[in-house]
Amino acid sequence: MGSETVWPGGLAHRAADALAAWLDTLFVPQCLGCGRSGHHFCDRCRAALRPVLPPWCSSCGQPLALPGAITCPACRRAPLPLAGMRSAALLHGPLRRAVHRLKYRGRQGAARALADLLVPPVRELGLSDGGARRAIVLPVPLHPQRERERGYNQATLLARPLAGALALPCEPHLICRQRETAPQVGLSRRERLDNVRGAFVASPRLAGRVVVLVDDVATTGSTLGSAAGACLAAGASSVYAVTLARES
Ligand SMILES: [Zn+2]
Ligand SMILES: [Zn+2]
């Protein structure tokens with residue numbers, strides 16, 4: 001564990017969640033996708049989601065152009081330490097707007113509606129039944145200072161209701177971002193991997209556990225790969241990842 005490591009306390013997370021829940025009651029639900037009143041994510045926006053259709057890379061979840069391929073060219077060159085990864089839909093239209101609004105105007109009730117979209121991807125990975133008894137849900141953490149500035153971590157807003165829906169434990173404090181990283185926008189996958197290498201540290205309490213990492217968006221999977229590497233270094237038996245949206 002690096003000397004810079006700051007473990008955000010579980011209590012602080014719960015207090016932040018309680019505050020977000022209280023703030024949520026002050027708002028009339030407004031669709032995160034289209035802005036119409038009445039729903040957090042309306043049926044019309046749900047119907048407009050573009051699913052990530054197979055074939056996809058067995059490691060990073062990237063849609064594959066070549067039928068019959070198992071991994072994408074990037075994973076063949078530098079495989080990510082993920083046992084599997086799925087996204088609810090492509091980052092497009094209403095989901096793109098919803099992800100943006102979740103990131104900059106995080107609201108717990110709205111996040112719960114979006115977290116529902118993550119249940120099928122977890123089921124596709126085979127982690128929602130008996131075999132998942134030992135699985136633990138971890139949101140990809142922000143650096144503690146970044147989370148303080150924003151007031152919440154959008155991945156935690158998604159992970160908690162997802163874990164609740166699947167009756168799995170959610171333990172955000174078992175992984176920490178120990179180093180702030182430069183924005184990944186515009187970087188190649190190799191540059192992204194270098195940028196986030198060693199950014200995370202995970203608790204030895206993950207030893208022997210199956211981990212499901214949760215994040216809002218995956219682009220190349222490099223951030224999830226780095227977080228997965230930290231979980232494996234802490235002794236996790238395998239690490240899967242689900243994201244709301246896939247940018248490709
Ligand atoms: Zn809508
Ligand atoms: Zn891949």
# chains A, B, ... in the order shown; residues from 1 in each chain; ligands from 1
$ select_by_dssp --residues "segment 51-245 of chain A" --states "strand (DSSP E or B)" --output "MDAnalysis selection string"
chainID A and resid 56 63 84:90 135:139 170 175:177 200:202 210:218 238:245
$ write_last_selection --atoms "C-alpha atoms" --output "CSV table (one decimal), in the first residue's frame"
chain,number,residue,atom,x,y,z
A,56,TRP,CA,-17.6,-8.9,-28.3
A,63,PRO,CA,-17.6,-5.2,-30.1
A,84,GLY,CA,-15.2,-10.8,-18.5
A,85,MET,CA,-16.8,-7.4,-19.2
A,86,ARG,CA,-20.2,-6.3,-20.4
A,87,SER,CA,-21.9,-2.9,-20.9
A,88,ALA,CA,-25.6,-2.2,-20.9
A,89,ALA,CA,-25.6,-0.2,-24.2
A,90,LEU,CA,-23.5,1.9,-26.5
A,135,ALA,CA,-19.0,-12.1,-5.5
A,136,ILE,CA,-18.5,-8.5,-4.2
A,137,VAL,CA,-19.5,-5.3,-6.0
A,138,LEU,CA,-17.0,-2.5,-6.1
A,139,PRO,CA,-17.5,0.9,-7.8
A,170,CYS,CA,-21.2,-3.6,-2.1
A,175,ILE,CA,-10.6,-0.2,-3.3
A,176,CYS,CA,-9.0,3.2,-3.4
A,177,ARG,CA,-7.5,5.4,-6.1
A,200,PHE,CA,-5.5,1.8,-7.6
A,201,VAL,CA,-4.8,-0.1,-4.4
A,202,ALA,CA,-7.2,-2.7,-3.0
A,210,VAL,CA,-14.9,-12.8,-7.1
A,211,VAL,CA,-15.1,-9.0,-7.8
A,212,VAL,CA,-17.6,-7.2,-10.0
A,213,LEU,CA,-16.2,-3.7,-10.8
A,214,VAL,CA,-18.9,-1.1,-11.8
A,215,ASP,CA,-18.3,2.1,-13.7
A,216,ASP,CA,-20.4,4.5,-15.8
A,217,VAL,CA,-18.4,4.3,-19.1
A,218,ALA,CA,-15.8,2.0,-20.7
A,238,SER,CA,-11.2,-13.2,-10.5
A,239,VAL,CA,-12.4,-9.8,-11.5
A,240,TYR,CA,-15.3,-9.0,-13.9
A,241,ALA,CA,-16.6,-5.5,-14.9
A,242,VAL,CA,-19.9,-4.0,-16.0
A,243,THR,CA,-20.5,-0.5,-17.2
A,244,LEU,CA,-23.6,1.4,-18.2
A,245,ALA,CA,-22.1,2.5,-21.5
$ residues_near_ligand --ligand "ligand 2" --cutoff "10 Å" --atoms "only C-alpha atoms and all ligand atoms" --output "PyMOL selection string"
chain A and resi 56-64+70-80+82+84-85+220-221
$ write_last_selection --atoms "C-alpha atoms" --output "mmCIF file, in the first residue's frame"
data_model
loop_
_atom_site.group_PDB
_atom_site.id
_atom_site.type_symbol
_atom_site.label_atom_id
_atom_site.label_comp_id
_atom_site.auth_asym_id
_atom_site.auth_seq_id
_atom_site.Cartn_x
_atom_site.Cartn_y
_atom_site.Cartn_z
ATOM 1 C CA TRP A 56 -17.594 -8.928 -28.346
ATOM 2 C CA CYS A 57 -14.081 -9.296 -26.968
ATOM 3 C CA SER A 58 -14.097 -11.842 -24.136
ATOM 4 C CA SER A 59 -11.636 -9.684 -22.188
ATOM 5 C CA CYS A 60 -12.537 -6.001 -22.661
ATOM 6 C CA GLY A 61 -16.092 -6.255 -24.063
ATOM 7 C CA GLN A 62 -15.266 -4.293 -27.208
ATOM 8 C CA PRO A 63 -17.644 -5.160 -30.091
ATOM 9 C CA LEU A 64 -15.710 -7.284 -32.600
ATOM 10 C CA ILE A 70 -12.561 -14.232 -29.307
ATOM 11 C CA THR A 71 -10.454 -11.255 -28.303
ATOM 12 C CA CYS A 72 -9.914 -7.885 -29.937
ATOM 13 C CA PRO A 73 -6.517 -7.001 -31.488
ATOM 14 C CA ALA A 74 -5.656 -4.713 -28.521
ATOM 15 C CA CYS A 75 -6.307 -7.517 -25.990
ATOM 16 C CA ARG A 76 -4.288 -9.963 -28.076
ATOM 17 C CA ARG A 77 -1.332 -7.546 -27.814
ATOM 18 C CA ALA A 78 -1.849 -6.571 -24.145
ATOM 19 C CA PRO A 79 -4.630 -8.552 -22.413
ATOM 20 C CA LEU A 80 -6.550 -6.875 -19.599
ATOM 21 C CA LEU A 82 -10.548 -9.090 -16.593
ATOM 22 C CA GLY A 84 -15.221 -10.777 -18.525
ATOM 23 C CA MET A 85 -16.838 -7.449 -19.175
ATOM 24 C CA THR A 220 -10.740 0.967 -23.938
ATOM 25 C CA GLY A 221 -11.169 -0.791 -20.581
#
$ residues_near_ligand --ligand "ligand 1" --cutoff "10 Å" --atoms "only C-alpha atoms and all ligand atoms" --output "PyMOL selection string"
chain A and resi 30-48+94-95+97-98
$ select_by_dssp --residues "segment 52-125 of chain A" --states "helix (DSSP H, G or I)" --output "MDAnalysis selection string"
chainID A and resid 73:77 93:104 108:124
$ atom_distance --atom1 "atom CA of Ala115 of chain A" --atom2 "atom CA of Leu224 of chain A"
17.8 Å
$ residues_around --residues "Asp116 of chain A" --least-positions-apart "3" --cutoff "8 Å" --atoms "only C-alpha atoms" --output "JSON list (two decimals) with N, CA and C atoms, in the first residue's frame"
[["chain", "number", "residue", "atom", "x", "y", "z"],
["A", 112, "ARG", "N", -30.51, 5.04, -9.57],
["A", 112, "ARG", "CA", -31.15, 3.74, -9.34],
["A", 112, "ARG", "C", -31.82, 3.25, -10.64],
["A", 113, "ALA", "N", -32.47, 4.17, -11.36],
["A", 113, "ALA", "CA", -33.12, 3.78, -12.62],
["A", 113, "ALA", "C", -32.08, 3.30, -13.63],
["A", 119, "VAL", "N", -28.31, -4.81, -14.48],
["A", 119, "VAL", "CA", -28.64, -6.17, -14.00],
["A", 119, "VAL", "C", -28.45, -7.20, -15.11],
["A", 161, "PRO", "N", -27.31, 0.43, -5.75],
["A", 161, "PRO", "CA", -28.59, -0.19, -6.09],
["A", 161, "PRO", "C", -28.45, -1.46, -6.92],
["A", 162, "LEU", "N", -27.39, -1.54, -7.75],
["A", 162, "LEU", "CA", -27.16, -2.78, -8.51],
["A", 162, "LEU", "C", -26.92, -3.94, -7.55],
["A", 165, "ALA", "N", -30.10, -4.96, -5.91],
["A", 165, "ALA", "CA", -31.00, -5.73, -6.79],
["A", 165, "ALA", "C", -30.56, -7.18, -6.91]]
